[in-house]
file query.tsv (TSV, C-alpha atoms and all ligand atoms)
chain	number	residue	atom	x	y	z
A	10	MET	CA	176.09	66.46	-83.71
A	11	LYS	CA	176.36	63.83	-80.99
A	12	ASP	CA	178.35	60.64	-80.96
A	13	MET	CA	176.46	58.68	-83.66
A	14	LYS	CA	176.67	55.44	-81.67
A	15	LYS	CA	174.33	56.57	-78.88
A	16	LYS	CA	171.21	57.28	-80.97
A	17	SER	CA	169.37	59.08	-78.24
A	18	ARG	CA	167.30	61.67	-80.09
A	19	ILE	CA	165.76	61.99	-83.55
A	20	ALA	CA	163.63	64.67	-85.20
A	21	ILE	CA	160.80	64.08	-87.67
A	22	LEU	CA	159.30	66.51	-90.18
A	23	THR	CA	156.54	66.20	-92.79
A	24	GLY	CA	157.21	68.30	-95.90
A	25	GLY	CA	155.11	69.09	-98.98
A	26	GLY	CA	151.39	68.38	-99.31
A	27	ASP	CA	149.75	66.12	-96.75
A	28	CYS	CA	148.29	62.72	-97.59
A	29	PRO	CA	146.55	59.86	-95.79
A	30	GLY	CA	149.11	57.75	-93.92
A	31	ILE	CA	151.49	60.45	-92.67
A	32	ASN	CA	150.35	60.07	-89.08
A	33	ALA	CA	150.64	56.30	-89.43
A	34	VAL	CA	154.28	56.69	-90.43
A	35	ILE	CA	155.06	59.23	-87.68
A	36	ARG	CA	153.55	56.73	-85.24
A	37	ALA	CA	155.64	53.86	-86.59
A	38	VAL	CA	158.94	55.77	-86.47
A	39	ALA	CA	158.29	57.21	-83.02
A	40	LYS	CA	156.92	54.02	-81.41
A	41	LYS	CA	159.80	51.88	-82.63
A	42	ALA	CA	162.41	54.49	-81.70
A	43	ILE	CA	160.90	54.91	-78.23
A	44	LEU	CA	160.00	51.30	-77.43
A	45	LYS	CA	162.90	49.46	-79.02
A	46	HIS	CA	165.72	51.97	-78.70
A	47	GLY	CA	164.67	54.30	-75.87
A	48	MET	CA	165.08	57.41	-78.04
A	49	GLU	CA	163.56	60.86	-77.60
A	50	ILE	CA	161.47	62.16	-80.49
A	51	ILE	CA	161.27	65.78	-81.60
A	52	GLY	CA	158.45	66.76	-83.96
A	53	VAL	CA	159.42	69.64	-86.25
A	54	GLU	CA	156.36	71.74	-87.07
A	55	ASP	CA	155.15	72.56	-90.60
A	56	GLY	CA	157.85	70.79	-92.58
A	57	TYR	CA	161.11	72.64	-93.18
A	58	GLU	CA	159.44	75.84	-91.93
A	59	GLY	CA	159.87	74.53	-88.38
A	60	LEU	CA	163.61	74.23	-88.93
A	61	ILE	CA	163.82	77.71	-90.42
A	62	TYR	CA	161.80	79.33	-87.60
A	63	ASN	CA	162.92	77.02	-84.80
A	64	ARG	CA	159.43	75.54	-84.16
A	65	HIS	CA	159.36	72.02	-82.74
A	66	ARG	CA	158.07	70.03	-79.79
A	67	ARG	CA	158.82	66.83	-77.97
A	68	LEU	CA	156.64	63.90	-79.03
A	69	HIS	CA	155.93	61.49	-76.20
A	70	TYR	CA	154.51	57.99	-76.61
A	71	ASN	CA	150.99	59.21	-75.92
A	72	ASP	CA	151.30	61.86	-78.64
A	73	VAL	CA	151.85	59.21	-81.28
A	74	SER	CA	149.49	56.58	-79.90
A	75	GLY	CA	145.98	56.57	-81.39
A	76	ILE	CA	146.90	58.45	-84.58
A	77	LEU	CA	147.11	55.50	-86.99
A	78	THR	CA	143.79	56.27	-88.66
A	79	LEU	CA	144.01	60.07	-88.56
A	80	GLY	CA	144.25	62.00	-91.84
A	81	GLY	CA	146.56	65.01	-92.24
A	82	THR	CA	149.69	65.29	-90.11
A	83	ILE	CA	149.90	66.04	-86.40
A	84	LEU	CA	153.07	68.04	-87.17
A	85	GLY	CA	151.59	70.29	-89.85
A	86	ALA	CA	153.00	70.58	-93.36
A	87	SER	CA	154.20	73.33	-95.65
A	88	LYS	CA	154.76	73.47	-99.40
A	89	ASN	CA	156.47	76.87	-99.38
A	90	SER	CA	159.45	76.31	-97.14
A	91	ASN	CA	162.46	75.20	-99.14
A	92	PRO	CA	165.36	76.48	-96.97
A	93	TYR	CA	167.55	76.78	-100.09
A	94	ARG	CA	164.96	78.92	-101.90
A	95	PHE	CA	162.72	80.46	-99.27
A	96	GLY	CA	160.18	82.96	-100.59
A	97	ILE	CA	159.83	86.14	-98.52
A	98	GLN	CA	157.16	88.74	-99.26
A	99	LYS	CA	158.77	92.17	-99.80
A	100	GLY	CA	155.92	94.62	-100.46
A	101	LYS	CA	154.30	93.41	-103.67
A	102	ASN	CA	157.24	91.23	-104.61
A	103	VAL	CA	158.53	87.89	-103.43
A	104	VAL	CA	162.28	87.51	-103.03
A	105	PHE	CA	163.95	84.13	-102.65
A	106	LYS	CA	166.68	83.64	-100.08
A	107	ASP	CA	168.94	80.79	-99.05
A	108	VAL	CA	168.13	80.35	-95.35
A	109	SER	CA	169.55	76.86	-95.11
A	110	ARG	CA	172.18	77.92	-92.56
A	111	LYS	CA	169.35	78.90	-90.19
A	112	ALA	CA	167.62	75.52	-90.71
A	113	ILE	CA	170.85	73.60	-90.16
A	114	ARG	CA	171.58	75.63	-87.02
A	115	THR	CA	168.17	74.63	-85.59
A	116	ALA	CA	168.80	70.96	-86.37
A	117	LYS	CA	172.24	71.05	-84.76
A	118	ALA	CA	170.96	72.86	-81.68
A	119	LEU	CA	168.39	70.09	-81.22
A	120	ASP	CA	171.34	67.74	-80.69
A	121	ILE	CA	169.74	65.04	-82.83
A	122	ASP	CA	171.26	61.85	-84.14
A	123	ALA	CA	169.06	61.86	-87.22
A	124	LEU	CA	166.50	63.93	-89.09
A	125	VAL	CA	163.65	61.94	-90.66
A	126	CYS	CA	162.17	63.76	-93.66
A	127	ILE	CA	158.76	62.45	-94.73
A	128	GLY	CA	157.74	63.78	-98.13
A	129	GLY	CA	157.65	63.69	-101.91
A	130	ASP	CA	160.35	64.55	-104.43
A	131	GLY	CA	160.66	68.18	-103.32
A	132	THR	CA	161.12	67.17	-99.67
A	133	GLN	CA	163.60	64.43	-100.58
A	134	GLY	CA	165.57	66.83	-102.80
A	135	ILE	CA	165.94	69.23	-99.88
A	136	ALA	CA	166.84	66.33	-97.59
A	137	PHE	CA	169.63	65.41	-100.01
A	138	ARG	CA	171.03	68.95	-99.88
A	139	LEU	CA	170.86	68.95	-96.07
A	140	LEU	CA	172.77	65.67	-96.13
A	141	GLN	CA	175.46	67.25	-98.30
A	142	ASP	CA	175.57	70.10	-95.79
A	143	GLY	CA	176.29	67.66	-93.00
A	144	LEU	CA	172.96	66.56	-91.48
A	145	PRO	CA	172.34	62.84	-90.91
A	146	VAL	CA	169.13	62.46	-92.89
A	147	VAL	CA	166.78	59.55	-93.65
A	148	GLY	CA	163.89	60.01	-96.11
A	149	ILE	CA	160.46	58.38	-96.15
A	150	PRO	CA	158.40	58.62	-99.37
A	151	LYS	CA	154.85	59.95	-99.26
A	152	THR	CA	152.55	61.41	-101.87
A	153	ILE	CA	149.14	60.67	-103.33
A	154	ASP	CA	150.73	61.18	-106.77
A	155	ASN	CA	152.86	57.98	-106.57
A	156	ASP	CA	155.45	59.80	-108.69
A	157	LEU	CA	158.58	59.34	-106.60
A	158	ARG	CA	161.63	57.71	-108.16
A	159	GLY	CA	163.31	54.92	-106.23
A	160	THR	CA	160.11	53.36	-104.91
A	161	ASP	CA	157.42	51.33	-106.65
A	162	ILE	CA	154.71	52.85	-104.48
A	163	THR	CA	154.15	55.65	-101.99
A	164	PHE	CA	151.63	55.62	-99.18
A	165	GLY	CA	148.75	58.01	-99.78
A	166	PHE	CA	148.32	56.72	-103.32
A	167	ASP	CA	146.05	53.81	-102.47
A	168	SER	CA	143.82	56.08	-100.36
A	169	ALA	CA	143.59	58.67	-103.14
A	170	VAL	CA	142.74	55.96	-105.68
A	171	ALA	CA	140.04	54.61	-103.34
A	172	ILE	CA	138.45	58.07	-102.97
A	173	ALA	CA	138.64	58.76	-106.73
A	174	THR	CA	137.23	55.32	-107.56
A	175	GLU	CA	134.27	55.85	-105.27
A	176	ALA	CA	133.65	59.19	-106.97
A	177	VAL	CA	133.74	57.60	-110.44
A	178	ASP	CA	131.36	54.88	-109.22
A	179	ARG	CA	128.90	57.47	-107.96
A	180	ILE	CA	129.17	59.55	-111.13
A	181	HIS	CA	128.06	56.56	-113.22
A	182	SER	CA	124.43	56.55	-112.10
A	183	THR	CA	123.84	60.25	-112.67
A	184	ALA	CA	125.69	60.11	-116.03
A	185	GLU	CA	123.49	57.25	-117.14
A	186	ALA	CA	120.27	58.84	-115.87
A	187	HIS	CA	120.89	62.09	-117.79
A	188	HIS	CA	122.68	60.59	-120.81
A	189	ARG	CA	125.61	62.89	-120.22
A	190	VAL	CA	129.34	62.92	-120.57
A	191	MET	CA	130.67	63.20	-117.03
A	192	ILE	CA	134.28	64.24	-116.59
A	193	VAL	CA	136.06	63.46	-113.32
A	194	GLU	CA	139.29	65.43	-112.88
A	195	VAL	CA	141.76	63.89	-110.47
A	196	MET	CA	145.08	65.05	-109.05
A	197	GLY	CA	148.52	63.57	-109.73
A	198	HIS	CA	150.63	66.58	-110.74
A	199	HIS	CA	152.57	65.65	-113.91
A	200	ALA	CA	151.93	61.91	-113.50
A	201	GLY	CA	148.85	59.91	-114.46
A	202	TRP	CA	148.96	57.23	-111.77
A	203	ILE	CA	145.79	58.26	-109.93
A	204	ALA	CA	143.81	58.72	-113.17
A	205	LEU	CA	145.01	55.38	-114.55
A	206	TYR	CA	144.25	53.36	-111.42
A	207	ALA	CA	140.96	55.07	-110.51
A	208	GLY	CA	139.96	55.12	-114.18
A	209	VAL	CA	140.43	51.39	-114.51
A	210	ALA	CA	138.96	50.60	-111.07
A	211	GLY	CA	135.94	52.82	-111.73
A	212	GLY	CA	135.39	51.58	-115.28
A	213	GLY	CA	136.06	54.93	-116.97
A	214	ASP	CA	135.41	54.84	-120.72
A	215	ILE	CA	138.15	57.35	-121.49
A	216	ILE	CA	141.26	57.88	-119.35
A	217	LEU	CA	143.46	60.86	-120.10
A	218	ILE	CA	146.93	61.01	-118.55
A	219	PRO	CA	149.88	63.39	-119.05
A	220	GLU	CA	152.06	60.60	-120.42
A	221	ILE	CA	149.71	60.03	-123.39
A	222	PRO	CA	148.78	63.38	-124.97
A	223	TYR	CA	145.22	63.19	-126.23
A	224	LYS	CA	143.50	64.28	-129.47
A	225	ILE	CA	140.14	65.86	-128.72
A	226	GLU	CA	138.81	64.35	-131.99
A	227	SER	CA	139.61	60.86	-130.69
A	228	VAL	CA	137.91	61.56	-127.35
A	229	ALA	CA	134.80	62.90	-129.13
A	230	ALA	CA	134.82	59.92	-131.52
A	231	LYS	CA	134.80	57.49	-128.58
A	232	VAL	CA	131.86	59.30	-126.96
A	233	LYS	CA	129.90	59.25	-130.23
A	234	GLU	CA	130.71	55.59	-130.85
A	235	ARG	CA	129.36	54.65	-127.41
A	236	HIS	CA	126.24	56.71	-128.11
A	237	ARG	CA	125.71	54.92	-131.43
A	238	LYS	CA	125.99	51.57	-129.71
A	239	GLY	CA	123.29	52.51	-127.21
A	240	ARG	CA	125.57	53.54	-124.34
A	241	ARG	CA	124.21	57.06	-124.16
A	242	PHE	CA	126.59	58.27	-121.45
A	243	SER	CA	130.36	58.32	-121.09
A	244	ILE	CA	132.74	58.71	-118.17
A	245	VAL	CA	136.03	60.51	-118.73
A	246	VAL	CA	138.66	60.29	-115.99
A	247	VAL	CA	141.25	62.99	-116.60
A	248	ALA	CA	144.48	63.69	-114.73
A	249	GLU	CA	145.00	67.35	-113.85
A	250	GLY	CA	148.28	67.23	-115.78
A	251	ALA	CA	146.79	65.80	-119.00
A	252	LYS	CA	147.42	67.77	-122.15
A	253	PRO	CA	146.42	67.64	-125.82
A	254	LYS	CA	148.92	66.54	-128.45
A	255	GLY	CA	151.10	69.56	-129.18
A	256	GLY	CA	149.39	71.56	-126.42
A	257	ASP	CA	150.02	72.36	-122.81
A	258	VAL	CA	148.68	71.74	-119.30
A	259	VAL	CA	145.95	73.91	-117.75
A	260	ILE	CA	147.24	76.00	-114.85
A	261	LYS	CA	144.87	76.81	-111.99
A	262	LYS	CA	147.06	78.98	-109.81
A	263	ILE	CA	150.58	80.33	-109.38
A	264	ILE	CA	151.80	80.38	-105.78
A	265	ARG	CA	154.47	83.04	-105.97
A	266	LYS	CA	156.04	82.22	-102.59
A	267	SER	CA	156.58	78.61	-103.53
A	268	ALA	CA	159.84	77.33	-105.00
A	269	ASP	CA	157.57	75.08	-107.10
A	270	PRO	CA	154.86	77.65	-107.93
A	271	VAL	CA	152.58	76.04	-110.54
A	272	ARG	CA	149.31	74.42	-109.42
A	273	LEU	CA	147.48	72.48	-112.11
A	274	GLY	CA	143.72	72.23	-112.55
A	275	GLY	CA	140.83	73.01	-114.87
A	276	ILE	CA	141.49	70.60	-117.74
A	277	GLY	CA	138.08	69.01	-117.06
A	278	PHE	CA	136.24	72.23	-117.97
A	279	VAL	CA	138.29	72.65	-121.15
A	280	LEU	CA	137.33	69.11	-122.20
A	281	GLN	CA	133.70	69.65	-121.24
A	282	ASP	CA	133.33	72.68	-123.53
A	283	ALA	CA	135.08	71.00	-126.44
A	284	LEU	CA	133.13	67.74	-126.10
A	285	GLU	CA	129.75	69.49	-125.84
A	286	ARG	CA	130.60	71.42	-128.98
A	287	MET	CA	131.81	68.37	-130.90
A	288	THR	CA	129.24	65.77	-129.77
A	289	ALA	CA	126.17	67.86	-128.92
A	290	ILE	CA	125.89	65.78	-125.74
A	291	GLU	CA	125.50	67.60	-122.46
A	292	SER	CA	128.64	67.39	-120.30
A	293	ARG	CA	129.52	68.13	-116.69
A	294	THR	CA	132.79	68.22	-114.78
A	295	VAL	CA	133.62	67.23	-111.22
A	296	VAL	CA	137.02	68.26	-109.87
A	297	LEU	CA	137.92	66.04	-106.92
A	298	GLY	CA	140.83	68.21	-105.78
A	299	HIS	CA	141.93	68.02	-102.16
A	300	LEU	CA	139.24	65.48	-101.25
A	301	GLN	CA	141.81	62.97	-102.52
A	302	ARG	CA	144.28	64.01	-99.83
A	303	GLY	CA	141.85	64.00	-96.91
A	304	GLY	CA	140.63	61.53	-94.35
A	305	SER	CA	141.68	58.17	-93.04
A	306	PRO	CA	144.24	56.03	-94.91
A	307	THR	CA	143.22	52.70	-96.45
A	308	ALA	CA	144.39	49.47	-94.84
A	309	SER	CA	147.13	49.12	-97.50
A	310	ASP	CA	148.45	52.62	-96.81
A	311	ARG	CA	148.47	51.99	-93.04
A	312	ILE	CA	150.45	48.79	-93.58
A	313	LEU	CA	152.91	50.42	-95.99
A	314	ALA	CA	153.42	53.43	-93.71
A	315	THR	CA	154.07	51.15	-90.73
A	316	GLN	CA	156.62	49.08	-92.65
A	317	LEU	CA	158.45	52.12	-94.04
A	318	GLY	CA	158.52	53.85	-90.65
A	319	ALA	CA	159.97	50.78	-88.94
A	320	LYS	CA	162.59	50.43	-91.69
A	321	ALA	CA	163.64	54.08	-91.31
A	322	VAL	CA	164.53	53.43	-87.66
A	323	ASP	CA	166.68	50.46	-88.72
A	324	LEU	CA	168.65	52.72	-91.07
A	325	ILE	CA	169.21	55.25	-88.28
A	326	ILE	CA	170.46	52.56	-85.91
A	327	LYS	CA	172.91	51.35	-88.57
A	328	ASP	CA	174.17	54.89	-89.34
A	329	ASP	CA	172.88	54.31	-92.86
A	330	PHE	CA	172.12	57.94	-93.64
A	331	GLY	CA	171.47	59.62	-96.97
A	332	LYS	CA	168.92	56.97	-97.90
A	333	MET	CA	165.18	56.95	-98.52
A	334	VAL	CA	163.28	53.85	-97.44
A	335	SER	CA	161.39	52.37	-100.36
A	336	VAL	CA	159.49	49.46	-101.88
A	337	GLN	CA	161.06	47.53	-104.70
A	338	GLU	CA	159.54	44.37	-106.15
A	339	GLY	CA	157.40	43.97	-103.06
A	340	LYS	CA	160.32	44.27	-100.62
A	341	ILE	CA	160.96	47.06	-98.13
A	342	THR	CA	164.42	48.41	-98.88
A	343	SER	CA	166.19	51.75	-99.34
A	344	VAL	CA	167.75	53.85	-102.10
A	345	PRO	CA	170.19	56.78	-102.08
A	346	LEU	CA	168.34	60.07	-101.58
A	347	GLN	CA	169.54	61.50	-104.88
A	348	VAL	CA	167.61	58.77	-106.74
A	349	ALA	CA	164.38	59.99	-105.15
A	350	SER	CA	164.99	63.62	-106.04
A	351	GLY	CA	165.64	63.00	-109.74
A	352	GLY	CA	162.32	64.28	-111.12
A	353	PRO	CA	158.89	62.69	-111.32
A	354	ARG	CA	158.33	58.98	-111.97
A	355	THR	CA	155.65	58.94	-114.63
A	356	VAL	CA	153.53	56.11	-116.03
A	357	PRO	CA	155.58	54.13	-118.60
A	358	LEU	CA	153.81	53.90	-121.94
A	359	ASP	CA	154.16	50.12	-121.85
A	360	HIS	CA	152.66	49.81	-118.35
A	361	PRO	CA	150.63	46.57	-118.18
A	362	LEU	CA	147.58	48.38	-116.82
A	363	VAL	CA	147.53	50.68	-119.87
A	364	ALA	CA	147.70	47.60	-122.10
A	365	ALA	CA	144.95	45.80	-120.14
A	366	ALA	CA	142.68	48.86	-120.26
A	367	ARG	CA	143.22	49.27	-124.00
A	368	SER	CA	142.46	45.58	-124.54
A	369	ILE	CA	138.99	45.99	-123.03
A	370	GLY	CA	138.18	49.03	-125.13
A	371	THR	CA	139.17	51.88	-122.82
A	372	SER	CA	140.31	54.91	-124.81
A	373	PHE	CA	143.36	56.98	-123.87
A	374	GLY	CA	142.35	59.64	-126.37
A	375	ASP	CA	145.38	59.04	-128.63
B	1	LIG	O1	151.49	66.51	-104.74
B	1	LIG	C1	150.21	66.36	-104.22
B	1	LIG	C2	149.25	67.29	-104.87
B	1	LIG	O2	147.98	67.05	-104.30
B	1	LIG	C3	149.18	67.20	-106.40
B	1	LIG	O3	148.45	66.09	-106.85
B	1	LIG	C4	148.56	68.52	-106.75
B	1	LIG	O4	148.94	68.90	-108.04
B	1	LIG	C5	149.13	69.45	-105.71
B	1	LIG	O5	149.58	68.64	-104.63
B	1	LIG	C6	148.15	70.46	-105.17
B	1	LIG	O6	148.83	71.36	-104.38
B	1	LIG	P1	148.17	72.37	-103.33
B	1	LIG	O7	147.87	71.60	-102.09
B	1	LIG	O8	149.22	73.40	-103.12
B	1	LIG	O9	146.94	72.91	-103.97
call {"tool": "encode", "arguments": {"input": "query.tsv", "output": "structure tokens"}}
result
Amino acid sequence: MKDMKKKSRIAILTGGGDCPGINAVIRAVAKKAILKHGMEIIGVEDGYEGLIYNRHRRLHYNDVSGILTLGGTILGASKNSNPYRFGIQKGKNVVFKDVSRKAIRTAKALDIDALVCIGGDGTQGIAFRLLQDGLPVVGIPKTIDNDLRGTDITFGFDSAVAIATEAVDRIHSTAEAHHRVMIVEVMGHHAGWIALYAGVAGGGDIILIPEIPYKIESVAAKVKERHRKGRRFSIVVVAEGAKPKGGDVVIKKIIRKSADPVRLGGIGFVLQDALERMTAIESRTVVLGHLQRGGSPTASDRILATQLGAKAVDLIIKDDFGKMVSVQEGKITSVPLQVASGGPRTVPLDHPLVAAARSIGTSFGD
């Protein structure tokens, strides 16, 4: 590594799943580093994969100008490239190898003063290990799931909630016209943030989140009660990680090459079958899936990404490595990386939004 005082070159990577706002944050980091500190920026391609396979490119001012509103990431992302547990296909099998030395060699050869790792808990966990192995790392939180410890909010979340809310709004008219139960399944992994926020914003009658295991009898009872009262349709907003009391999540897919192989999905169809059987009311399911990760970020996400990106450069300038920039009580601050990698931040059972929703008659199926 170079003399840490000079701060002449930094590298940026975007790990894990993409989300709206990543390009906004790349832009903020790069513009501030270039304009204020005269640094060179290296973009590492496809998350940690670019470090493992030595794939990167110089990002000039013009590369990061005009990308504020762009969805996705100009650097590419990868969910299967943990350098400490890298899955390699060997015939029909996948074997996991520690290729971190290769990744660290790439970073050192780039002669960088800092590596900026933009990502969720998986990405921040790897960043923490790279820090322990000697790389000067700064983390920036991103995920639609909003489930990162150490920060009150992640960019990407507001955009996902906006997309899911619009979907719930649109589902209302067709549900009402056909007197159906319409189930909208949203993402969120093992956290119910998206379902809770979009459920409340969209006026869902029943919101099912992983943190509050549901009883199918209670869900059916709520649908029937609405029917009796003349509301002949119901909207259920269900998180992909929701599960019945004493039961388990529904798994859509296992990605064998991934260090985090389970992909959730399909709970909506399970609910649909059970509710049709128990209520004799026709039901349909809409799975929003990756729509929630696509497209342009909301104004809030653009603002948050810009603030977090600018703060990350301040940490680099101060040699304040091993931190993830974050939001706490409305202030832009930072936390040690190990806080961010300590497992998912789920919805607390006493969250005020849960209480407010319950108070206006929304069911959580418990
Ligand atoms: O973490 C973001 C997320 O979209 C989760 O909400 C979801 O469970 C998962 O990623 C989907 O992963 P993939 O893009 O591999 O299908």
call {"tool": "residues_near_point", "arguments": {"input": "query.tsv", "point": "(133.1, 72.7, -119.8)", "cutoff": "7 Å", "atoms": "only C-alpha atoms", "output": "PyMOL selection string"}}
result
chain A and resi 277-282+292-294
call {"tool": "residues_near_ligand", "arguments": {"input": "query.tsv", "ligand": "ligand LIG 1 (chain B)", "cutoff": "8 Å", "atoms": "all atoms listed in the file", "output": "JSON, numbers by chain"}}
result
{"A": [25, 26, 27, 28, 88, 129, 152, 153, 154, 195, 196, 197, 198, 199, 249, 250, 264, 272, 273, 274, 298, 299, 301, 302]}
call {"tool": "closest_residue", "arguments": {"input": "query.tsv", "among": "A:Val356, A:Ala186, A:Val334, A:Leu140", "to": "A:Leu205", "atoms": "only C-alpha atoms"}}
result
A:Val356
call {"tool": "closest_residue", "arguments": {"input": "query.tsv", "among": "A:Ala207, A:Val322, A:Ala349, A:Ile172", "to": "A:Ala39", "atoms": "all atoms listed in the file"}}
result
A:Val322
call {"tool": "closest_atom_pairs", "arguments": {"input": "query.tsv", "of": "stretch 241-328 of chain A", "to": "stretch 160-169 of chain A", "cutoff": "12 Å", "atoms": "only C-alpha atoms", "output": "JSON lines"}}
result
{"residue": "A:Leu297", "atom": "CA", "partner": "A:Ala169", "partner_atom": "CA", "distance": 10.0}
{"residue": "A:Gly298", "atom": "CA", "partner": "A:Ala169", "partner_atom": "CA", "distance": 10.3}
{"residue": "A:His299", "atom": "CA", "partner": "A:Ala169", "partner_atom": "CA", "distance": 9.5}
{"residue": "A:Leu300", "atom": "CA", "partner": "A:Ala169", "partner_atom": "CA", "distance": 8.3}
{"residue": "A:Gln301", "atom": "CA", "partner": "A:Ala169", "partner_atom": "CA", "distance": 4.7}
{"residue": "A:Arg302", "atom": "CA", "partner": "A:Ala169", "partner_atom": "CA", "distance": 6.3}
{"residue": "A:Gly303", "atom": "CA", "partner": "A:Ala169", "partner_atom": "CA", "distance": 8.4}
{"residue": "A:Gly304", "atom": "CA", "partner": "A:Ser168", "partner_atom": "CA", "distance": 8.7}
{"residue": "A:Ser305", "atom": "CA", "partner": "A:Ser168", "partner_atom": "CA", "distance": 7.9}
{"residue": "A:Pro306", "atom": "CA", "partner": "A:Ser168", "partner_atom": "CA", "distance": 5.5}
{"residue": "A:Thr307", "atom": "CA", "partner": "A:Ser168", "partner_atom": "CA", "distance": 5.2}
{"residue": "A:Ala308", "atom": "CA", "partner": "A:Ser168", "partner_atom": "CA", "distance": 8.6}
{"residue": "A:Ser309", "atom": "CA", "partner": "A:Asp167", "partner_atom": "CA", "distance": 6.9}
{"residue": "A:Asp310", "atom": "CA", "partner": "A:Phe164", "partner_atom": "CA", "distance": 5.0}
{"residue": "A:Arg311", "atom": "CA", "partner": "A:Phe164", "partner_atom": "CA", "distance": 7.8}
{"residue": "A:Ile312", "atom": "CA", "partner": "A:Phe164", "partner_atom": "CA", "distance": 8.9}
{"residue": "A:Leu313", "atom": "CA", "partner": "A:Phe164", "partner_atom": "CA", "distance": 6.2}
{"residue": "A:Ala314", "atom": "CA", "partner": "A:Phe164", "partner_atom": "CA", "distance": 6.2}
{"residue": "A:Thr315", "atom": "CA", "partner": "A:Phe164", "partner_atom": "CA", "distance": 9.9}
{"residue": "A:Gln316", "atom": "CA", "partner": "A:Phe164", "partner_atom": "CA", "distance": 10.5}
{"residue": "A:Leu317", "atom": "CA", "partner": "A:Phe164", "partner_atom": "CA", "distance": 9.2}
{"residue": "A:Gly318", "atom": "CA", "partner": "A:Phe164", "partner_atom": "CA", "distance": 11.1}
call {"tool": "residues_around", "arguments": {"input": "query.tsv", "residues": "A:Ala86", "least_positions_apart": "5", "cutoff": "6 Å", "atoms": "only C-alpha atoms", "output": "ChimeraX atom specification"}}
result
/A:23-24,55-56
call {"tool": "write_last_selection", "arguments": {"input": "query.tsv", "atoms": "C-alpha atoms", "output": "CSV table (one decimal), in the coordinates of the input"}}
result
chain,number,residue,atom,x,y,z
A,23,THR,CA,156.5,66.2,-92.8
A,24,GLY,CA,157.2,68.3,-95.9
A,55,ASP,CA,155.2,72.6,-90.6
A,56,GLY,CA,157.8,70.8,-92.6
call {"tool": "atom_distance", "arguments": {"input": "query.tsv", "atom1": "atom CA of A:Val147", "atom2": "atom CA of A:Ser343"}}
result
9.7 Å
call {"tool": "closest_residue", "arguments": {"input": "query.tsv", "among": "A:Lys254, A:Lys327, A:Lys262, A:His236", "to": "A:Ala289", "atoms": "all atoms listed in the file"}}
result
A:His236
